[in-house]
Amino acid sequence: MASVLIVNPRASKVSEDLVARVVWELPDGVVVLRTEGPGEATELAHAHESSADAIFVLGGDGTYNEVLNGIGGPVPLGFLPGGGTSVLPRALGLGRDPVAAARIAAAGVERPIGLGRVNGRRFSFNAGVGVDAELVRRVDARGRDAGGARPGDAAFVGEALRLLLAHRGRFPEALEIDGVGRAAFALVANCYPYTYAGRMAVRVAREASFDAGLDLVAPVSVRPAGVPRLLLELRRGAAPRPGLTVLHDLDRIELRCDRPMPLQVDGEDLGDVEHVVFESEPEAVIALVPDGR
């Protein structure tokens with residue numbers, strides 16, 4: 001059997017030269033498969049999971065998510081950073097350089113990692129209902145460049161500021177979390193950190209881990225005067241306090257929205273929802289990580 005490399009040629013960092021340099025670092029005889037459209041990485045992963053020694057993925061967070069939703073067996077997975085943010089390989093210790101990540105993953109050790117599910121769809125690092133999903137939608141609305149790449153970190157920062165202005169810094173109670181209470185929005189983390197802004201880690205849930213259940217961070221409501229404090233807490237990793245729910249290692253989170261609200265999974269907009277069920281899936285897949293990670 002040979003290893004497989006699934007490549008998203010439209011990812012921000014990916015070029016034919018990069019693919020060649022990545023292949024050089026991977027096991028001999030690796031088969032390169034290029035996606036041509038949304039959802040194809042899921043199909044390719046499913047088709048090759050039983051025959052490949054390992055599946056490596058060169059793309060962005062959306063491509064990793066597609067692969068994870070196509071895998072049902074124990075084939076080792078190597079996630080190589082080819083997107084603008086590439087949260088998953090960085091959270092696994094593979095870094096930002098795709099060539100170095102390929103070298104590390106090819107020589108790495110197998111580590112079972114947990115995933116999350118939201119309404120049946122897997123996610124690897126985070127999901128959210130409300131504000132962060134609205135931010136993803138706003139960035140997506142800006143479209144992609146000629147090469148198909150999404151806008152970068154500067155666009156996210158700009159849209160975040162516009163989102164705050166549009167809401168005038170007010171995020172009232174908008175959903176009910178079963179067994180917990182009311183909240184303005186919900187952030188669900190499966191690892192630490194939650195995401196990255198350039199080189200900066202946005203930690204959100206300081207105890208979140210691939211080896212535990214899901215973590216929840218949800219403010220009851222947000223007023224303009226409380227925005228700076230909340231942003232700082234999310235940057236550093238939130239701790240429980242009055243008005244801010246922070247829960248660790250949950251098997252299940254169920255919530256109901258007062259009205260349809262946006263849902264995002266691993267940075268992908270899944271549309272509006274009214275009823276959401278998050279579930280933890282322990283040791284769901286095997287990731288190739290640095291020795292000792």
# chains A, B, ... in the order shown; residues from 1 in each chain; ligands from 1
call {"tool": "residues_around", "arguments": {"residues": "A:Ile104", "least_positions_apart": "3", "cutoff": "8 Å", "atoms": "only C-alpha atoms", "output": "number ranges by chain"}}
result
A: 94, 100-101, 107-108, 289-290
call {"tool": "residues_around", "arguments": {"residues": "A:Val220", "least_positions_apart": "2", "cutoff": "10 Å", "atoms": "only C-alpha atoms", "output": "MDAnalysis selection string"}}
result
chainID A and resid 171:176 181:186 217:218 222 242:245
call {"tool": "write_last_selection", "arguments": {"atoms": "N, CA and C atoms", "output": "mmCIF file, in the first residue's frame"}}
result
data_model
loop_
_atom_site.group_PDB
_atom_site.id
_atom_site.type_symbol
_atom_site.label_atom_id
_atom_site.label_comp_id
_atom_site.auth_asym_id
_atom_site.auth_seq_id
_atom_site.Cartn_x
_atom_site.Cartn_y
_atom_site.Cartn_z
ATOM 1 N N PHE A 171 -24.644 42.576 22.613
ATOM 2 C CA PHE A 171 -25.029 41.221 22.236
ATOM 3 C C PHE A 171 -25.924 40.682 23.358
ATOM 4 N N PRO A 172 -27.224 40.834 23.209
ATOM 5 C CA PRO A 172 -28.152 40.423 24.273
ATOM 6 C C PRO A 172 -28.343 38.914 24.295
ATOM 7 N N GLU A 173 -29.030 38.439 25.340
ATOM 8 C CA GLU A 173 -29.376 37.027 25.424
ATOM 9 C C GLU A 173 -30.126 36.612 24.162
ATOM 10 N N ALA A 174 -29.708 35.476 23.572
ATOM 11 C CA ALA A 174 -30.308 35.068 22.304
ATOM 12 C C ALA A 174 -30.515 33.570 22.192
ATOM 13 N N LEU A 175 -30.062 32.810 23.200
ATOM 14 C CA LEU A 175 -30.221 31.355 23.128
ATOM 15 C C LEU A 175 -30.242 30.764 24.537
ATOM 16 N N GLU A 176 -30.721 29.526 24.614
ATOM 17 C CA GLU A 176 -30.810 28.798 25.872
ATOM 18 C C GLU A 176 -29.967 27.532 25.766
ATOM 19 N N GLY A 181 -28.328 27.625 31.056
ATOM 20 C CA GLY A 181 -29.040 28.889 31.131
ATOM 21 C C GLY A 181 -28.914 29.707 29.876
ATOM 22 N N ARG A 182 -29.166 30.987 29.996
ATOM 23 C CA ARG A 182 -29.201 31.889 28.853
ATOM 24 C C ARG A 182 -27.798 32.325 28.443
ATOM 25 N N ALA A 183 -27.667 32.689 27.155
ATOM 26 C CA ALA A 183 -26.387 33.185 26.645
ATOM 27 C C ALA A 183 -26.623 34.034 25.410
ATOM 28 N N ALA A 184 -25.658 34.906 25.140
ATOM 29 C CA ALA A 184 -25.714 35.735 23.933
ATOM 30 C C ALA A 184 -25.230 34.959 22.718
ATOM 31 N N PHE A 185 -24.191 34.171 22.905
ATOM 32 C CA PHE A 185 -23.644 33.312 21.856
ATOM 33 C C PHE A 185 -22.851 32.205 22.532
ATOM 34 N N ALA A 186 -22.451 31.208 21.749
ATOM 35 C CA ALA A 186 -21.747 30.051 22.316
ATOM 36 C C ALA A 186 -20.511 29.736 21.485
ATOM 37 N N VAL A 217 -17.639 28.216 26.144
ATOM 38 C CA VAL A 217 -17.503 29.580 26.656
ATOM 39 C C VAL A 217 -18.689 30.376 26.111
ATOM 40 N N ALA A 218 -19.484 30.950 27.027
ATOM 41 C CA ALA A 218 -20.716 31.620 26.605
ATOM 42 C C ALA A 218 -21.065 32.762 27.551
ATOM 43 N N VAL A 222 -23.645 40.834 26.457
ATOM 44 C CA VAL A 222 -22.485 41.723 26.333
ATOM 45 C C VAL A 222 -22.981 43.138 26.067
ATOM 46 N N PRO A 242 -19.224 35.655 37.112
ATOM 47 C CA PRO A 242 -20.618 36.025 36.913
ATOM 48 C C PRO A 242 -20.819 36.645 35.535
ATOM 49 N N GLY A 243 -21.775 36.132 34.796
ATOM 50 C CA GLY A 243 -22.038 36.638 33.461
ATOM 51 C C GLY A 243 -21.271 35.937 32.356
ATOM 52 N N LEU A 244 -20.358 35.021 32.728
ATOM 53 C CA LEU A 244 -19.594 34.296 31.709
ATOM 54 C C LEU A 244 -19.519 32.821 32.103
ATOM 55 N N THR A 245 -20.163 31.982 31.319
ATOM 56 C CA THR A 245 -20.134 30.538 31.543
ATOM 57 C C THR A 245 -18.904 29.942 30.874
#
call {"tool": "residues_around", "arguments": {"residues": "stretch 33-40 of chain A", "least_positions_apart": "3", "cutoff": "12 Å", "atoms": "only C-alpha atoms", "output": "PyMOL selection string"}}
result
chain A and resi 3-11+14-16+19+23+30+43-48+55-59+62-70+148+268
call {"tool": "atom_distance", "arguments": {"atom1": "atom CA of A:Pro224", "atom2": "atom CA of A:Asp258"}}
result
21.7 Å
call {"tool": "select_by_dssp", "arguments": {"residues": "stretch 54-290 of chain A", "states": "strand (DSSP E)", "output": "mmCIF file with N, CA and C atoms, in the first residue's frame"}}
result
data_model
loop_
_atom_site.group_PDB
_atom_site.id
_atom_site.type_symbol
_atom_site.label_atom_id
_atom_site.label_comp_id
_atom_site.auth_asym_id
_atom_site.auth_seq_id
_atom_site.Cartn_x
_atom_site.Cartn_y
_atom_site.Cartn_z
ATOM 1 N N ILE A 55 -2.808 8.996 5.132
ATOM 2 C CA ILE A 55 -3.365 10.055 4.283
ATOM 3 C C ILE A 55 -2.841 11.387 4.793
ATOM 4 N N PHE A 56 -2.117 12.105 3.921
ATOM 5 C CA PHE A 56 -1.644 13.441 4.227
ATOM 6 C C PHE A 56 -2.557 14.440 3.519
ATOM 7 N N VAL A 57 -2.755 15.596 4.137
ATOM 8 C CA VAL A 57 -3.684 16.589 3.600
ATOM 9 C C VAL A 57 -2.979 17.935 3.535
ATOM 10 N N LEU A 58 -2.822 18.471 2.328
ATOM 11 C CA LEU A 58 -2.225 19.789 2.131
ATOM 12 C C LEU A 58 -3.327 20.732 1.677
ATOM 13 N N GLY A 59 -3.737 21.595 2.588
ATOM 14 C CA GLY A 59 -4.815 22.528 2.287
ATOM 15 C C GLY A 59 -5.044 23.428 3.476
ATOM 16 N N PRO A 76 -3.767 6.576 9.633
ATOM 17 C CA PRO A 76 -3.116 7.780 10.186
ATOM 18 C C PRO A 76 -3.274 8.970 9.244
ATOM 19 N N LEU A 77 -3.446 10.147 9.831
ATOM 20 C CA LEU A 77 -3.671 11.379 9.076
ATOM 21 C C LEU A 77 -2.581 12.394 9.383
ATOM 22 N N GLY A 78 -2.000 12.975 8.327
ATOM 23 C CA GLY A 78 -1.012 14.037 8.498
ATOM 24 C C GLY A 78 -1.546 15.332 7.919
ATOM 25 N N PHE A 79 -1.733 16.349 8.765
ATOM 26 C CA PHE A 79 -2.331 17.611 8.339
ATOM 27 C C PHE A 79 -1.229 18.638 8.081
ATOM 28 N N LEU A 80 -1.098 19.090 6.835
ATOM 29 C CA LEU A 80 -0.019 19.983 6.425
ATOM 30 C C LEU A 80 -0.586 21.366 6.125
ATOM 31 N N PRO A 81 0.003 22.423 6.688
ATOM 32 C CA PRO A 81 -0.578 23.776 6.592
ATOM 33 C C PRO A 81 -0.423 24.395 5.208
ATOM 34 N N VAL A 109 4.748 10.340 15.216
ATOM 35 C CA VAL A 109 4.122 9.222 15.917
ATOM 36 C C VAL A 109 2.608 9.339 15.777
ATOM 37 N N GLU A 110 1.940 8.222 15.933
ATOM 38 C CA GLU A 110 0.490 8.192 15.824
ATOM 39 C C GLU A 110 -0.144 8.560 17.169
ATOM 40 N N ARG A 111 -1.074 9.510 17.119
ATOM 41 C CA ARG A 111 -1.747 9.948 18.336
ATOM 42 C C ARG A 111 -3.259 9.974 18.113
ATOM 43 N N PRO A 112 -4.026 9.190 18.847
ATOM 44 C CA PRO A 112 -5.483 9.295 18.746
ATOM 45 C C PRO A 112 -5.943 10.661 19.278
ATOM 46 N N ILE A 113 -6.802 11.312 18.543
ATOM 47 C CA ILE A 113 -7.336 12.596 19.000
ATOM 48 C C ILE A 113 -8.863 12.560 18.952
ATOM 49 N N GLY A 114 -9.464 13.288 19.882
ATOM 50 C CA GLY A 114 -10.908 13.424 19.894
ATOM 51 C C GLY A 114 -11.364 14.507 18.938
ATOM 52 N N LEU A 115 -12.590 14.380 18.477
ATOM 53 C CA LEU A 115 -13.222 15.379 17.625
ATOM 54 C C LEU A 115 -14.537 15.802 18.255
ATOM 55 N N GLY A 116 -15.106 16.847 17.713
ATOM 56 C CA GLY A 116 -16.454 17.232 18.088
ATOM 57 C C GLY A 116 -17.411 16.941 16.945
ATOM 58 N N ARG A 117 -18.680 16.875 17.281
ATOM 59 C CA ARG A 117 -19.734 16.791 16.271
ATOM 60 C C ARG A 117 -20.774 17.853 16.577
ATOM 61 N N VAL A 118 -21.277 18.479 15.544
ATOM 62 C CA VAL A 118 -22.373 19.416 15.726
ATOM 63 C C VAL A 118 -23.458 19.064 14.721
ATOM 64 N N ARG A 121 -22.156 16.650 12.152
ATOM 65 C CA ARG A 121 -20.956 16.946 11.369
ATOM 66 C C ARG A 121 -19.746 17.078 12.294
ATOM 67 N N ARG A 122 -18.665 16.433 11.917
ATOM 68 C CA ARG A 122 -17.444 16.494 12.710
ATOM 69 C C ARG A 122 -16.761 17.856 12.606
ATOM 70 N N PHE A 123 -16.065 18.233 13.678
ATOM 71 C CA PHE A 123 -15.156 19.374 13.621
ATOM 72 C C PHE A 123 -13.926 19.049 14.464
ATOM 73 N N ASN A 126 -12.841 23.983 16.511
ATOM 74 C CA ASN A 126 -13.865 24.800 17.158
ATOM 75 C C ASN A 126 -15.151 24.840 16.354
ATOM 76 N N ALA A 127 -16.192 25.275 17.030
ATOM 77 C CA ALA A 127 -17.481 25.543 16.408
ATOM 78 C C ALA A 127 -18.147 26.637 17.230
ATOM 79 N N GLY A 128 -19.067 27.348 16.625
ATOM 80 C CA GLY A 128 -19.713 28.419 17.370
ATOM 81 C C GLY A 128 -21.060 28.792 16.789
ATOM 82 N N VAL A 129 -21.921 29.270 17.658
ATOM 83 C CA VAL A 129 -23.238 29.769 17.266
ATOM 84 C C VAL A 129 -23.306 31.238 17.651
ATOM 85 N N LEU A 175 -30.062 32.810 23.200
ATOM 86 C CA LEU A 175 -30.221 31.355 23.128
ATOM 87 C C LEU A 175 -30.242 30.764 24.537
ATOM 88 N N GLU A 176 -30.721 29.526 24.614
ATOM 89 C CA GLU A 176 -30.810 28.798 25.872
ATOM 90 C C GLU A 176 -29.967 27.532 25.766
ATOM 91 N N ILE A 177 -29.037 27.364 26.709
ATOM 92 C CA ILE A 177 -28.197 26.179 26.756
ATOM 93 C C ILE A 177 -28.795 25.237 27.802
ATOM 94 N N GLY A 181 -28.328 27.625 31.056
ATOM 95 C CA GLY A 181 -29.040 28.889 31.131
ATOM 96 C C GLY A 181 -28.914 29.707 29.876
ATOM 97 N N ARG A 182 -29.166 30.987 29.996
ATOM 98 C CA ARG A 182 -29.201 31.889 28.853
ATOM 99 C C ARG A 182 -27.798 32.325 28.443
ATOM 100 N N ALA A 183 -27.667 32.689 27.155
ATOM 101 C CA ALA A 183 -26.387 33.185 26.645
ATOM 102 C C ALA A 183 -26.623 34.034 25.410
ATOM 103 N N ALA A 186 -22.451 31.208 21.749
ATOM 104 C CA ALA A 186 -21.747 30.051 22.316
ATOM 105 C C ALA A 186 -20.511 29.736 21.485
ATOM 106 N N LEU A 187 -19.369 29.596 22.167
ATOM 107 C CA LEU A 187 -18.121 29.173 21.541
ATOM 108 C C LEU A 187 -17.786 27.789 22.096
ATOM 109 N N VAL A 188 -17.542 26.839 21.218
ATOM 110 C CA VAL A 188 -17.261 25.461 21.629
ATOM 111 C C VAL A 188 -15.883 25.069 21.104
ATOM 112 N N ALA A 189 -14.994 24.700 22.018
ATOM 113 C CA ALA A 189 -13.613 24.379 21.669
ATOM 114 C C ALA A 189 -13.338 22.900 21.859
ATOM 115 N N THR A 195 -8.191 29.328 18.004
ATOM 116 C CA THR A 195 -7.809 29.703 16.649
ATOM 117 C C THR A 195 -6.565 30.573 16.740
ATOM 118 N N TYR A 196 -6.169 31.134 15.615
ATOM 119 C CA TYR A 196 -5.011 32.023 15.553
ATOM 120 C C TYR A 196 -5.384 33.284 14.777
ATOM 121 N N ALA A 197 -4.754 34.390 15.154
ATOM 122 C CA ALA A 197 -4.806 35.625 14.376
ATOM 123 C C ALA A 197 -3.363 35.930 13.982
ATOM 124 N N MET A 200 -0.500 35.066 16.519
ATOM 125 C CA MET A 200 -1.058 35.149 17.865
ATOM 126 C C MET A 200 -2.118 34.075 18.086
ATOM 127 N N ALA A 201 -1.967 33.342 19.179
ATOM 128 C CA ALA A 201 -2.974 32.352 19.554
ATOM 129 C C ALA A 201 -4.145 33.038 20.231
ATOM 130 N N VAL A 202 -5.351 32.705 19.810
ATOM 131 C CA VAL A 202 -6.579 33.146 20.466
ATOM 132 C C VAL A 202 -7.064 31.952 21.272
ATOM 133 N N LEU A 214 -15.595 18.409 25.115
ATOM 134 C CA LEU A 214 -15.712 19.760 24.568
ATOM 135 C C LEU A 214 -15.725 20.798 25.686
ATOM 136 N N ASP A 215 -15.235 21.992 25.372
ATOM 137 C CA ASP A 215 -15.281 23.120 26.298
ATOM 138 C C ASP A 215 -16.237 24.174 25.759
ATOM 139 N N LEU A 216 -16.960 24.816 26.665
ATOM 140 C CA LEU A 216 -17.951 25.823 26.300
ATOM 141 C C LEU A 216 -17.603 27.155 26.943
ATOM 142 N N VAL A 217 -17.639 28.216 26.144
ATOM 143 C CA VAL A 217 -17.503 29.580 26.656
ATOM 144 C C VAL A 217 -18.689 30.376 26.111
ATOM 145 N N ALA A 218 -19.484 30.950 27.027
ATOM 146 C CA ALA A 218 -20.716 31.620 26.605
ATOM 147 C C ALA A 218 -21.065 32.762 27.551
ATOM 148 N N PRO A 219 -20.955 34.003 27.086
ATOM 149 C CA PRO A 219 -21.395 35.120 27.924
ATOM 150 C C PRO A 219 -22.917 35.219 27.950
ATOM 151 N N LEU A 244 -20.358 35.021 32.728
ATOM 152 C CA LEU A 244 -19.594 34.296 31.709
ATOM 153 C C LEU A 244 -19.519 32.821 32.103
ATOM 154 N N THR A 245 -20.163 31.982 31.319
ATOM 155 C CA THR A 245 -20.134 30.538 31.543
ATOM 156 C C THR A 245 -18.904 29.942 30.874
ATOM 157 N N VAL A 246 -18.127 29.180 31.629
ATOM 158 C CA VAL A 246 -16.970 28.453 31.096
ATOM 159 C C VAL A 246 -17.033 27.040 31.662
ATOM 160 N N LEU A 247 -17.213 26.039 30.789
ATOM 161 C CA LEU A 247 -17.339 24.651 31.214
ATOM 162 C C LEU A 247 -16.336 23.790 30.454
ATOM 163 N N HIS A 248 -15.805 22.780 31.137
ATOM 164 C CA HIS A 248 -14.734 21.952 30.584
ATOM 165 C C HIS A 248 -15.147 20.491 30.497
ATOM 166 N N ASP A 249 -14.655 19.814 29.439
ATOM 167 C CA ASP A 249 -14.752 18.366 29.298
ATOM 168 C C ASP A 249 -16.198 17.883 29.283
ATOM 169 N N LEU A 250 -16.969 18.413 28.348
ATOM 170 C CA LEU A 250 -18.383 18.055 28.232
ATOM 171 C C LEU A 250 -18.584 17.003 27.142
ATOM 172 N N ARG A 252 -21.700 16.471 25.877
ATOM 173 C CA ARG A 252 -22.817 16.924 25.049
ATOM 174 C C ARG A 252 -23.224 18.329 25.464
ATOM 175 N N ILE A 253 -23.540 19.149 24.488
ATOM 176 C CA ILE A 253 -24.047 20.500 24.718
ATOM 177 C C ILE A 253 -25.244 20.673 23.785
ATOM 178 N N GLU A 254 -26.377 21.000 24.330
ATOM 179 C CA GLU A 254 -27.569 21.220 23.501
ATOM 180 C C GLU A 254 -28.087 22.620 23.747
ATOM 181 N N LEU A 255 -28.410 23.312 22.668
ATOM 182 C CA LEU A 255 -28.919 24.679 22.821
ATOM 183 C C LEU A 255 -30.016 24.959 21.806
ATOM 184 N N ARG A 256 -30.831 25.942 22.173
ATOM 185 C CA ARG A 256 -31.932 26.365 21.315
ATOM 186 C C ARG A 256 -31.895 27.885 21.184
ATOM 187 N N CYS A 257 -31.939 28.341 19.958
ATOM 188 C CA CYS A 257 -31.845 29.774 19.675
ATOM 189 C C CYS A 257 -33.234 30.408 19.665
ATOM 190 N N ASP A 258 -33.293 31.659 20.105
ATOM 191 C CA ASP A 258 -34.567 32.385 20.083
ATOM 192 C C ASP A 258 -35.029 32.645 18.655
ATOM 193 N N ARG A 259 -34.077 32.718 17.749
ATOM 194 C CA ARG A 259 -34.332 32.954 16.330
ATOM 195 C C ARG A 259 -33.222 32.233 15.568
ATOM 196 N N PRO A 260 -33.344 32.038 14.265
ATOM 197 C CA PRO A 260 -32.254 31.410 13.518
ATOM 198 C C PRO A 260 -30.953 32.204 13.672
ATOM 199 N N MET A 261 -29.883 31.501 14.020
ATOM 200 C CA MET A 261 -28.578 32.130 14.221
ATOM 201 C C MET A 261 -27.521 31.376 13.421
ATOM 202 N N PRO A 262 -26.461 32.066 12.981
ATOM 203 C CA PRO A 262 -25.435 31.404 12.169
ATOM 204 C C PRO A 262 -24.616 30.405 12.982
ATOM 205 N N LEU A 263 -24.210 29.332 12.310
ATOM 206 C CA LEU A 263 -23.374 28.286 12.892
ATOM 207 C C LEU A 263 -22.122 28.136 12.043
ATOM 208 N N GLN A 264 -20.963 28.102 12.696
ATOM 209 C CA GLN A 264 -19.721 27.822 11.975
ATOM 210 C C GLN A 264 -19.041 26.608 12.582
ATOM 211 N N VAL A 265 -18.341 25.874 11.736
ATOM 212 C CA VAL A 265 -17.605 24.682 12.137
ATOM 213 C C VAL A 265 -16.230 24.724 11.478
ATOM 214 N N GLU A 268 -16.031 27.229 8.761
ATOM 215 C CA GLU A 268 -16.926 27.109 7.622
ATOM 216 C C GLU A 268 -18.354 27.444 8.036
ATOM 217 N N ASP A 269 -19.015 28.282 7.258
ATOM 218 C CA ASP A 269 -20.390 28.696 7.528
ATOM 219 C C ASP A 269 -21.347 27.562 7.165
ATOM 220 N N LEU A 270 -22.114 27.085 8.147
ATOM 221 C CA LEU A 270 -23.086 26.011 7.907
ATOM 222 C C LEU A 270 -24.522 26.521 7.854
ATOM 223 N N GLY A 271 -24.694 27.838 7.755
ATOM 224 C CA GLY A 271 -26.034 28.378 7.657
ATOM 225 C C GLY A 271 -26.636 28.688 9.012
ATOM 226 N N ASP A 272 -27.928 29.001 9.018
ATOM 227 C CA ASP A 272 -28.623 29.368 10.248
ATOM 228 C C ASP A 272 -29.252 28.143 10.909
ATOM 229 N N VAL A 273 -29.279 28.177 12.220
ATOM 230 C CA VAL A 273 -29.830 27.058 12.996
ATOM 231 C C VAL A 273 -30.697 27.594 14.137
ATOM 232 N N GLU A 274 -31.593 26.745 14.622
ATOM 233 C CA GLU A 274 -32.390 27.070 15.798
ATOM 234 C C GLU A 274 -32.160 26.069 16.924
ATOM 235 N N HIS A 275 -31.814 24.841 16.567
ATOM 236 C CA HIS A 275 -31.558 23.788 17.551
ATOM 237 C C HIS A 275 -30.205 23.166 17.211
ATOM 238 N N VAL A 276 -29.305 23.122 18.190
ATOM 239 C CA VAL A 276 -27.949 22.637 17.935
ATOM 240 C C VAL A 276 -27.556 21.631 19.019
ATOM 241 N N VAL A 277 -26.955 20.522 18.596
ATOM 242 C CA VAL A 277 -26.428 19.527 19.520
ATOM 243 C C VAL A 277 -24.948 19.316 19.218
ATOM 244 N N PHE A 278 -24.107 19.640 20.189
ATOM 245 C CA PHE A 278 -22.670 19.373 20.105
ATOM 246 C C PHE A 278 -22.391 18.098 20.893
ATOM 247 N N GLU A 279 -21.556 17.227 20.328
ATOM 248 C CA GLU A 279 -21.184 15.992 21.004
ATOM 249 C C GLU A 279 -19.697 15.742 20.869
ATOM 250 N N SER A 280 -19.111 15.176 21.910
ATOM 251 C CA SER A 280 -17.700 14.804 21.890
ATOM 252 C C SER A 280 -17.536 13.391 21.339
ATOM 253 N N GLU A 281 -16.510 13.200 20.514
ATOM 254 C CA GLU A 281 -16.208 11.891 19.933
ATOM 255 C C GLU A 281 -14.762 11.536 20.310
ATOM 256 N N PRO A 282 -14.554 10.874 21.438
ATOM 257 C CA PRO A 282 -13.191 10.595 21.912
ATOM 258 C C PRO A 282 -12.412 9.683 20.963
ATOM 259 N N GLU A 283 -11.100 9.974 20.835
ATOM 260 C CA GLU A 283 -10.188 9.139 20.041
ATOM 261 C C GLU A 283 -10.816 8.756 18.702
ATOM 262 N N ALA A 284 -11.319 9.759 18.004
ATOM 263 C CA ALA A 284 -12.069 9.518 16.771
ATOM 264 C C ALA A 284 -11.173 9.160 15.593
ATOM 265 N N VAL A 285 -10.002 9.776 15.511
ATOM 266 C CA VAL A 285 -9.079 9.541 14.403
ATOM 267 C C VAL A 285 -7.653 9.493 14.945
ATOM 268 N N ILE A 286 -6.721 9.073 14.083
ATOM 269 C CA ILE A 286 -5.311 9.015 14.450
ATOM 270 C C ILE A 286 -4.553 10.084 13.676
ATOM 271 N N ALA A 287 -3.897 10.987 14.391
ATOM 272 C CA ALA A 287 -3.119 12.054 13.768
ATOM 273 C C ALA A 287 -1.624 11.753 13.883
ATOM 274 N N LEU A 288 -0.870 12.156 12.880
ATOM 275 C CA LEU A 288 0.583 12.056 12.912
ATOM 276 C C LEU A 288 1.128 13.347 13.498
ATOM 277 N N VAL A 289 1.827 13.245 14.621
ATOM 278 C CA VAL A 289 2.291 14.418 15.365
ATOM 279 C C VAL A 289 3.774 14.247 15.688
#
call {"tool": "closest_residue", "arguments": {"among": "A:Ser12, A:Asn119, A:Thr42, A:Ser51", "to": "A:Ser86", "atoms": "only C-alpha atoms"}}
result
A:Ser12
call {"tool": "atom_distance", "arguments": {"atom1": "atom CA of A:Gly267", "atom2": "atom CA of A:Val131"}}
result
12.3 Å
call {"tool": "closest_residue", "arguments": {"among": "A:Leu161, A:Ala2, A:Ala154, A:Val227", "to": "A:Ala54", "atoms": "only C-alpha atoms"}}
result
A:Ala2
call {"tool": "atom_distance", "arguments": {"atom1": "atom CA of A:Arg138", "atom2": "atom CA of A:Gly84"}}
result
16.6 Å
call {"tool": "closest_residue", "arguments": {"among": "A:Arg170, A:Arg137, A:Arg103, A:Arg223", "to": "A:Val22", "atoms": "only C-alpha atoms"}}
result
A:Arg103
call {"tool": "select_by_dssp", "arguments": {"residues": "stretch 38-271 of chain A", "states": "helix (DSSP H, G or I)", "output": "ChimeraX atom specification"}}
result
/A:40-48,61-68,87-91,98-106,131-140,153-167,224-236
call {"tool": "closest_residue", "arguments": {"among": "A:Met1, A:Thr85, A:Gly226, A:Arg168", "to": "A:Phe156", "atoms": "only C-alpha atoms"}}
result
A:Thr85
call {"tool": "closest_residue", "arguments": {"among": "A:His167, A:Arg236, A:Arg229, A:Arg203", "to": "A:Phe125", "atoms": "only C-alpha atoms"}}
result
A:Arg203
